[in-house]
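Enquirer: Pasting final-v7.cif below, which is mmCIF, C-alpha atoms and all ligand atoms; chains and numbers go by the auth columns.
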data_final
#
loop_
_atom_site.group_PDB
_atom_site.id
_atom_site.type_symbol
_atom_site.label_atom_id
_atom_site.label_comp_id
_atom_site.label_asym_id
_atom_site.label_seq_id
_atom_site.Cartn_x
_atom_site.Cartn_y
_atom_site.Cartn_z
_atom_site.B_iso_or_equiv
_atom_site.auth_seq_id
_atom_site.auth_asym_id
ATOM 1 C CA ILE A 1 9.326 27.578 -2.988 0.00 24 A
ATOM 2 C CA LEU A 2 11.530 24.669 -1.930 0.00 25 A
ATOM 3 C CA ILE A 3 8.884 23.073 0.295 0.00 26 A
ATOM 4 C CA PRO A 4 7.238 20.870 -2.363 0.00 27 A
ATOM 5 C CA TYR A 5 10.609 19.481 -3.512 0.00 28 A
ATOM 6 C CA LEU A 6 11.721 18.929 0.059 0.00 29 A
ATOM 7 C CA LEU A 7 8.482 17.131 0.889 0.00 30 A
ATOM 8 C CA ILE A 8 8.766 14.925 -2.195 0.00 31 A
ATOM 9 C CA LEU A 9 12.242 13.873 -1.045 0.00 32 A
ATOM 10 C CA ILE A 10 11.091 13.357 2.552 0.00 33 A
ATOM 11 C CA ALA A 11 8.121 11.336 1.289 0.00 34 A
ATOM 12 C CA TYR A 12 10.363 9.049 -0.739 0.00 35 A
ATOM 13 C CA LEU A 13 12.772 8.557 2.186 0.00 36 A
ATOM 14 C CA LEU A 14 9.929 7.966 4.651 0.00 37 A
ATOM 15 C CA GLY A 15 8.311 5.502 2.253 0.00 38 A
ATOM 16 C CA SER A 16 11.670 3.714 2.067 0.00 39 A
ATOM 17 C CA ILE A 17 11.478 2.735 5.747 0.00 40 A
ATOM 18 C CA SER A 18 10.373 -0.851 5.347 0.00 41 A
ATOM 19 C CA SER A 19 8.478 -1.500 8.564 0.00 42 A
ATOM 20 C CA ALA A 20 7.858 -5.140 7.638 0.00 43 A
ATOM 21 C CA VAL A 21 11.593 -5.871 7.504 0.00 44 A
ATOM 22 C CA ILE A 22 12.340 -3.832 10.643 0.00 45 A
ATOM 23 C CA PHE A 23 9.471 -5.222 12.750 0.00 46 A
ATOM 24 C CA CYS A 24 10.280 -8.797 11.769 0.00 47 A
ATOM 25 C CA LYS A 25 13.949 -8.272 12.655 0.00 48 A
ATOM 26 C CA LEU A 26 13.027 -6.734 16.021 0.00 49 A
ATOM 27 C CA ALA A 27 10.610 -9.578 16.754 0.00 50 A
ATOM 28 C CA GLY A 28 13.176 -12.213 15.773 0.00 51 A
ATOM 29 C CA LEU A 29 11.044 -13.405 12.865 0.00 52 A
ATOM 30 C CA ALA A 30 12.117 -14.444 9.399 0.00 53 A
ATOM 31 C CA ASP A 31 12.883 -11.765 6.819 0.00 54 A
ATOM 32 C CA PRO A 32 9.586 -11.222 4.938 0.00 55 A
ATOM 33 C CA ARG A 33 11.554 -10.804 1.716 0.00 56 A
ATOM 34 C CA GLU A 34 12.843 -14.371 2.068 0.00 57 A
ATOM 35 C CA VAL A 35 9.715 -16.333 3.015 0.00 58 A
ATOM 36 C CA GLY A 36 6.019 -16.569 2.192 0.00 59 A
ATOM 37 C CA SER A 37 5.178 -14.343 -0.744 0.00 60 A
ATOM 38 C CA HIS A 38 8.608 -12.666 -0.363 0.00 61 A
ATOM 39 C CA ASN A 39 6.790 -9.384 0.076 0.00 62 A
ATOM 40 C CA ALA A 40 7.713 -6.793 2.695 0.00 63 A
ATOM 41 C CA GLY A 41 4.156 -6.009 3.692 0.00 64 A
ATOM 42 C CA ALA A 42 1.553 -6.587 6.402 0.00 65 A
ATOM 43 C CA THR A 43 -0.092 -9.566 4.652 0.00 66 A
ATOM 44 C CA ASN A 44 3.168 -11.481 4.484 0.00 67 A
ATOM 45 C CA VAL A 45 4.065 -10.569 8.072 0.00 68 A
ATOM 46 C CA LEU A 46 0.696 -12.025 9.088 0.00 69 A
ATOM 47 C CA ARG A 47 1.734 -15.171 7.253 0.00 70 A
ATOM 48 C CA ILE A 48 5.075 -15.480 9.054 0.00 71 A
ATOM 49 C CA GLY A 49 4.706 -13.611 12.300 0.00 72 A
ATOM 50 C CA GLY A 50 1.157 -13.429 13.494 0.00 73 A
ATOM 51 C CA LYS A 51 -1.428 -10.800 14.005 0.00 74 A
ATOM 52 C CA SER A 52 0.177 -8.188 16.241 0.00 75 A
ATOM 53 C CA ALA A 53 3.303 -7.774 14.109 0.00 76 A
ATOM 54 C CA ALA A 54 1.122 -7.527 10.997 0.00 77 A
ATOM 55 C CA LEU A 55 -1.104 -4.927 12.639 0.00 78 A
ATOM 56 C CA GLY A 56 1.979 -2.902 13.618 0.00 79 A
ATOM 57 C CA VAL A 57 3.282 -3.016 10.038 0.00 80 A
ATOM 58 C CA LEU A 58 -0.123 -2.097 8.653 0.00 81 A
ATOM 59 C CA LEU A 59 -0.482 0.929 10.928 0.00 82 A
ATOM 60 C CA PHE A 60 3.089 2.102 10.370 0.00 83 A
ATOM 61 C CA ASP A 61 2.780 1.837 6.579 0.00 84 A
ATOM 62 C CA ILE A 62 -0.569 3.658 6.545 0.00 85 A
ATOM 63 C CA LEU A 63 0.822 6.431 8.732 0.00 86 A
ATOM 64 C CA LYS A 64 3.956 6.928 6.661 0.00 87 A
ATOM 65 C CA GLY A 65 1.695 7.389 3.640 0.00 88 A
ATOM 66 C CA THR A 66 -0.510 9.901 5.409 0.00 89 A
ATOM 67 C CA LEU A 67 2.186 12.029 7.038 0.00 90 A
ATOM 68 C CA PRO A 68 3.996 13.701 4.101 0.00 91 A
ATOM 69 C CA VAL A 69 0.769 14.310 2.167 0.00 92 A
ATOM 70 C CA ALA A 70 -0.941 15.758 5.258 0.00 93 A
ATOM 71 C CA ILE A 71 2.047 18.079 5.779 0.00 94 A
ATOM 72 C CA GLY A 72 1.699 19.155 2.136 0.00 95 A
ATOM 73 C CA VAL A 73 -2.004 19.840 2.709 0.00 96 A
ATOM 74 C CA SER A 74 -1.181 21.949 5.760 0.00 97 A
ATOM 75 C CA PHE A 75 1.202 24.017 3.586 0.00 98 A
ATOM 76 C CA ASN A 76 -1.599 24.504 1.053 0.00 99 A
ATOM 77 C CA LEU A 77 0.428 22.951 -1.743 0.00 100 A
ATOM 78 C CA SER A 78 -1.091 22.613 -5.212 0.00 101 A
ATOM 79 C CA PRO A 79 -2.989 19.432 -6.135 0.00 102 A
ATOM 80 C CA SER A 80 -0.201 18.374 -8.488 0.00 103 A
ATOM 81 C CA ALA A 81 2.454 18.782 -5.770 0.00 104 A
ATOM 82 C CA LEU A 82 0.292 16.757 -3.359 0.00 105 A
ATOM 83 C CA GLY A 83 -0.160 14.105 -6.024 0.00 106 A
ATOM 84 C CA VAL A 84 3.591 13.835 -6.586 0.00 107 A
ATOM 85 C CA ILE A 85 4.182 13.577 -2.811 0.00 108 A
ATOM 86 C CA ALA A 86 1.633 10.731 -2.636 0.00 109 A
ATOM 87 C CA LEU A 87 3.345 9.027 -5.565 0.00 110 A
ATOM 88 C CA ALA A 88 6.796 9.550 -3.982 0.00 111 A
ATOM 89 C CA VAL A 89 5.881 7.936 -0.664 0.00 112 A
ATOM 90 C CA CYS A 90 4.404 4.916 -2.485 0.00 113 A
ATOM 91 C CA LEU A 91 7.482 4.649 -4.717 0.00 114 A
ATOM 92 C CA GLY A 92 9.644 4.753 -1.587 0.00 115 A
ATOM 93 C CA HIS A 93 7.638 1.916 -0.069 0.00 116 A
ATOM 94 C CA ILE A 94 7.766 -0.180 -3.226 0.00 117 A
ATOM 95 C CA PHE A 95 11.392 0.637 -4.155 0.00 118 A
ATOM 96 C CA PRO A 96 13.055 1.554 -0.823 0.00 119 A
ATOM 97 C CA ILE A 97 16.485 3.125 -1.077 0.00 120 A
ATOM 98 C CA PHE A 98 17.422 1.677 2.346 0.00 121 A
ATOM 99 C CA PHE A 99 16.487 -1.924 1.456 0.00 122 A
ATOM 100 C CA GLN A 100 18.079 -2.604 -1.928 0.00 123 A
ATOM 101 C CA PHE A 101 14.930 -1.266 -3.636 0.00 124 A
ATOM 102 C CA LYS A 102 13.033 -4.408 -2.589 0.00 125 A
ATOM 103 C CA GLY A 103 9.921 -3.208 -0.821 0.00 126 A
ATOM 104 C CA GLY A 104 6.250 -3.975 -0.513 0.00 127 A
ATOM 105 C CA LYS A 105 3.277 -3.677 -2.830 0.00 128 A
ATOM 106 C CA GLY A 106 2.117 -0.276 -1.627 0.00 129 A
ATOM 107 C CA VAL A 107 -1.462 -0.983 -0.547 0.00 130 A
ATOM 108 C CA ALA A 108 -1.314 0.335 3.037 0.00 131 A
ATOM 109 C CA THR A 109 0.923 3.277 2.118 0.00 132 A
ATOM 110 C CA ALA A 110 -1.338 4.276 -0.777 0.00 133 A
ATOM 111 C CA LEU A 111 -4.375 4.102 1.513 0.00 134 A
ATOM 112 C CA GLY A 112 -2.577 6.356 3.978 0.00 135 A
ATOM 113 C CA ALA A 113 -1.614 8.841 1.277 0.00 136 A
ATOM 114 C CA ILE A 114 -5.125 8.907 -0.203 0.00 137 A
ATOM 115 C CA SER A 115 -6.616 9.425 3.264 0.00 138 A
ATOM 116 C CA ALA A 116 -4.836 12.805 3.348 0.00 139 A
ATOM 117 C CA LEU A 117 -6.248 13.697 -0.075 0.00 140 A
ATOM 118 C CA SER A 118 -9.867 12.648 0.373 0.00 141 A
ATOM 119 C CA PHE A 119 -11.785 11.094 3.247 0.00 142 A
ATOM 120 C CA VAL A 120 -14.627 10.023 0.964 0.00 143 A
ATOM 121 C CA VAL A 121 -12.323 8.227 -1.446 0.00 144 A
ATOM 122 C CA VAL A 122 -10.354 6.463 1.282 0.00 145 A
ATOM 123 C CA GLY A 123 -13.668 5.435 2.851 0.00 146 A
ATOM 124 C CA GLY A 124 -14.774 4.028 -0.504 0.00 147 A
ATOM 125 C CA ALA A 125 -11.425 2.269 -0.920 0.00 148 A
ATOM 126 C CA ILE A 126 -11.561 0.651 2.531 0.00 149 A
ATOM 127 C CA GLY A 127 -15.201 -0.316 1.956 0.00 150 A
ATOM 128 C CA THR A 128 -14.347 -1.917 -1.382 0.00 151 A
ATOM 129 C CA TRP A 129 -11.351 -3.751 0.073 0.00 152 A
ATOM 130 C CA LEU A 130 -13.428 -5.094 2.982 0.00 153 A
ATOM 131 C CA LEU A 131 -16.303 -6.124 0.743 0.00 154 A
ATOM 132 C CA VAL A 132 -14.066 -8.122 -1.598 0.00 155 A
ATOM 133 C CA PHE A 133 -12.176 -9.557 1.367 0.00 156 A
ATOM 134 C CA LEU A 134 -15.328 -10.656 3.188 0.00 157 A
ATOM 135 C CA ILE A 135 -16.615 -12.309 0.022 0.00 158 A
ATOM 136 C CA SER A 136 -13.366 -13.867 -1.226 0.00 159 A
ATOM 137 C CA GLY A 137 -10.971 -14.062 1.749 0.00 160 A
ATOM 138 C CA TYR A 138 -8.065 -12.989 -0.494 0.00 161 A
ATOM 139 C CA SER A 139 -6.039 -9.957 0.586 0.00 162 A
ATOM 140 C CA SER A 140 -4.441 -9.631 -2.835 0.00 163 A
ATOM 141 C CA LEU A 141 -7.705 -9.837 -4.801 0.00 164 A
ATOM 142 C CA SER A 142 -9.157 -7.167 -2.513 0.00 165 A
ATOM 143 C CA ALA A 143 -6.146 -4.930 -3.182 0.00 166 A
ATOM 144 C CA VAL A 144 -6.247 -5.421 -6.965 0.00 167 A
ATOM 145 C CA LEU A 145 -9.987 -4.796 -7.326 0.00 168 A
ATOM 146 C CA THR A 146 -9.762 -1.774 -5.012 0.00 169 A
ATOM 147 C CA ALA A 147 -6.851 -0.370 -7.046 0.00 170 A
ATOM 148 C CA LEU A 148 -8.911 -0.808 -10.216 0.00 171 A
ATOM 149 C CA ILE A 149 -11.904 1.080 -8.845 0.00 172 A
ATOM 150 C CA VAL A 150 -10.233 3.869 -6.816 0.00 173 A
ATOM 151 C CA PRO A 151 -9.293 5.915 -9.937 0.00 174 A
ATOM 152 C CA PHE A 152 -13.026 6.214 -10.658 0.00 175 A
ATOM 153 C CA TYR A 153 -13.782 7.262 -7.082 0.00 176 A
ATOM 154 C CA ILE A 154 -11.102 9.942 -7.159 0.00 177 A
ATOM 155 C CA TRP A 155 -12.172 11.142 -10.611 0.00 178 A
ATOM 156 C CA TRP A 156 -15.708 11.506 -9.294 0.00 179 A
ATOM 157 C CA PHE A 157 -15.001 13.150 -5.925 0.00 180 A
ATOM 158 C CA GLU A 158 -11.588 14.857 -6.289 0.00 181 A
ATOM 159 C CA PRO A 159 -10.820 15.052 -10.029 0.00 182 A
ATOM 160 C CA GLN A 160 -7.740 17.213 -9.479 0.00 183 A
ATOM 161 C CA PHE A 161 -5.924 14.150 -8.074 0.00 184 A
ATOM 162 C CA THR A 162 -7.018 11.702 -10.778 0.00 185 A
ATOM 163 C CA PHE A 163 -3.703 11.412 -12.619 0.00 186 A
ATOM 164 C CA PRO A 164 -1.325 10.737 -9.698 0.00 187 A
ATOM 165 C CA VAL A 165 -3.799 8.479 -7.895 0.00 188 A
ATOM 166 C CA ALA A 166 -4.462 6.490 -11.074 0.00 189 A
ATOM 167 C CA LEU A 167 -0.695 6.155 -11.508 0.00 190 A
ATOM 168 C CA VAL A 168 -0.331 4.830 -7.948 0.00 191 A
ATOM 169 C CA CYS A 169 -3.162 2.360 -8.614 0.00 192 A
ATOM 170 C CA CYS A 170 -1.497 1.120 -11.832 0.00 193 A
ATOM 171 C CA LEU A 171 1.712 0.587 -9.859 0.00 194 A
ATOM 172 C CA LEU A 172 -0.221 -1.360 -7.233 0.00 195 A
ATOM 173 C CA VAL A 173 -1.845 -3.637 -9.798 0.00 196 A
ATOM 174 C CA TYR A 174 1.501 -4.175 -11.519 0.00 197 A
ATOM 175 C CA ARG A 175 3.106 -5.103 -8.169 0.00 198 A
ATOM 176 C CA HIS A 176 0.438 -7.780 -7.721 0.00 199 A
ATOM 177 C CA HIS A 177 1.238 -9.585 -10.976 0.00 200 A
ATOM 178 C CA ASP A 178 2.489 -12.681 -9.127 0.00 201 A
ATOM 179 C CA ASN A 179 -0.644 -12.682 -6.958 0.00 202 A
ATOM 180 C CA ILE A 180 -2.847 -12.335 -10.047 0.00 203 A
ATOM 181 C CA GLN A 181 -1.148 -15.385 -11.589 0.00 204 A
ATOM 182 C CA ARG A 182 -1.575 -17.357 -8.339 0.00 205 A
ATOM 183 C CA LEU A 183 -5.217 -16.310 -8.099 0.00 206 A
ATOM 184 C CA TRP A 184 -5.746 -17.392 -11.690 0.00 207 A
ATOM 185 C CA ARG A 185 -4.204 -20.809 -10.997 0.00 208 A
ATOM 186 C CA GLY A 186 -6.114 -21.147 -7.727 0.00 209 A
ATOM 187 C CA GLN A 187 -2.836 -21.187 -5.759 0.00 210 A
ATOM 188 C CA GLU A 188 -3.186 -17.992 -3.724 0.00 211 A
ATOM 189 C CA ASP A 189 -3.615 -18.550 0.013 0.00 212 A
ATOM 190 C CA LYS A 190 -6.602 -17.079 1.762 0.00 213 A
ATOM 191 C CA MET A 191 -5.918 -14.570 4.509 0.00 214 A
ATOM 192 C CA TRP A 192 -9.142 -15.547 6.247 0.00 215 A
ATOM 193 C CA ASP A 193 -7.533 -18.785 7.406 0.00 216 A
ATOM 194 C CA LYS A 194 -4.553 -16.897 8.880 0.00 217 A
ATOM 195 C CA LEU A 195 -6.807 -14.388 10.639 0.00 218 A
ATOM 196 C CA LYS A 196 -8.952 -17.094 12.204 0.00 219 A
ATOM 197 C CA LYS A 197 -5.897 -18.751 13.765 0.00 220 A
ATOM 198 C CA LYS A 198 -5.136 -17.661 17.303 0.00 221 A
ATOM 199 C CA ASN A 199 -1.627 -16.284 17.865 0.00 222 A
HETATM 200 O O1 LIG B . -1.071 -5.809 0.246 0.00 301 B
HETATM 201 C C1 LIG B . -0.358 -6.859 -0.231 0.00 301 B
HETATM 202 C C2 LIG B . -1.333 -7.954 -0.513 0.00 301 B
HETATM 203 O O2 LIG B . -2.297 -7.474 -1.372 0.00 301 B
HETATM 204 C C3 LIG B . -0.687 -9.166 -1.046 0.00 301 B
HETATM 205 O O3 LIG B . 0.359 -9.550 -0.229 0.00 301 B
HETATM 206 O O4 LIG B . 2.055 -11.060 0.689 0.00 301 B
HETATM 207 O O5 LIG B . 0.040 -12.008 -0.407 0.00 301 B
HETATM 208 O O6 LIG B . 1.750 -10.892 -1.788 0.00 301 B
HETATM 209 P P1 LIG B . 1.093 -10.938 -0.452 0.00 301 B
#
Just give me the structure of the file as structure tokens.
Ligand code: G3P
Expert:
Amino acid sequence: ILIPYLLILIAYLLGSISSAVIFCKLAGLADPREVGSHNAGATNVLRIGGKSAALGVLLFDILKGTLPVAIGVSFNLSPSALGVIALAVCLGHIFPIFFQFKGGKGVATALGAISALSFVVVGGAIGTWLLVFLISGYSSLSAVLTALIVPFYIWWFEPQFTFPVALVCCLLVYRHHDNIQRLWRGQEDKMWDKLKKKN
């Protein structure tokens, strides 16, 4: 009976491990919260530290999203408990208790969490992200448009998770408010250019 509550707590604590800050520190790079977009996420690590560090952060953040939800699935927890676990790991990533509540924007962690809830929906989410990215070159625009459409995917394929997933998506869009303003002003930098550079 305690398992769901325990997993929610574990999810929040796991989400709170800010891989961007840790990886940058280990690699002797600048603190991602201090430079670039000031965001502790893979996109900003790509900006300041290159591809391999960013890939490491991306994989770590996806995995930490998947793990607690997948454990919940293996315990056959109810859809609402799984939804709260997914929300908790994203909240941990965005507001990490170990890093003065200054975390990332939650895109990779949410993808990881959703991958444990529905393969179809995570496939649709990745497809949408890639499509927007290939067309626009903006990581943030891809994330925002994906977050706007994923609630419809989940409602269609796994309606029992609609509420928590929609909540996560709202949080994601809200966390991109600076990016949205930069996109609007034409001041957002394109990730394409960073990816094409060799380092
Ligand atoms: O996933 C985060 C990305 O969408 C935006 O990151 O560093 O450009 O704010 P950033």
Enquirer: Any idea what's packed within 7 Å of region 130-146 of chain A, counting all atoms listed in the file, ignoring anything in its chain fewer than 6 positions away? Could you give it as a PyMOL selection string?
Expert: chain A and resi 81+84-89+92-93+109+113+166+176-177+195
Enquirer: What residues of the protein or nucleic acid chains come within 6 Å of ligand LIG 301 (chain B) when you use all atoms listed in the file? Reply as a list in words.
Expert: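 Within the 6 Å cut-off, the matching residues are Ser60, Asn62, Thr66, Asn67, Lys128, Val130, Ser162, Ser163, Ala166 and Asn202 of chain A.
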Enquirer: On this file, the PyMOL selection byres (((chain A and resi 208-214) around 10) and not hetatm) gives some set of residues; write that set as a count of residues only.
Expert: 24
Enquirer: Find the residue from A:Leu82, A:Ile117, A:Ala50, A:Ala111 that sits nearest to Ala34 (chain A); use only C-alpha atoms when measuring.
Expert: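 Looking at the shortest contact to Ala34 (chain A), the residue is A:Ala111.
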Enquirer: Residues within 7 Å of Val80 (chain A), please, as a PDB file with C-alpha atoms, in the coordinates of the input. Count all atoms listed in the file; anything in the same chain fewer than 4 positions from it doesn't count.
Expert:
ATOM      1  CA  SER A  42       8.478  -1.500   8.564  1.00  0.00           C
ATOM      2  CA  ALA A  43       7.858  -5.140   7.638  1.00  0.00           C
ATOM      3  CA  ALA A  65       1.553  -6.587   6.402  1.00  0.00           C
ATOM      4  CA  ALA A  76       3.303  -7.774  14.109  1.00  0.00           C
ATOM      5  CA  ASP A  84       2.780   1.837   6.579  1.00  0.00           C
TER       6      ASP A  84
END
Enquirer: Could you tell me how far CA of Gln183 (chain A) lies from CA of Pro102 (chain A), in Å and to one decimal?
Expert: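 Straight-line distance from CA of Gln183 (chain A) to CA of Pro102 (chain A) works out to 6.2 Å.
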Enquirer: Within 8 Å of Gly127 (chain A), counting only C-alpha atoms, which residues qualify if same-chain residues fewer than 2 places away don't, as a ChimeraX atom specification?
Expert: /A:41,62-64,116-118,125,129
Enquirer: For the atom pair CA of Ile45 (chain A) and CA of Leu114 (chain A), what is the interatomic distance in Å to one decimal place?
Expert: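 Separating CA of Ile45 (chain A) from CA of Leu114 (chain A) is a distance of 18.2 Å.
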Enquirer: Apply the PyMOL selection byres (((chain A and resi 196) around 9) and not hetatm) to the displayed file and report the matching residues as a list in words.
Expert: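 Given this file, the PyMOL selection byres (((chain A and resi 196) around 9) and not hetatm) evaluates to Lys128, Ala166, Val167, Leu168, Ala170, Leu171, Val191, Cys192, Cys193, Leu194, Leu195, Tyr197, Arg198, His199, His200 and Ile203 of chain A.
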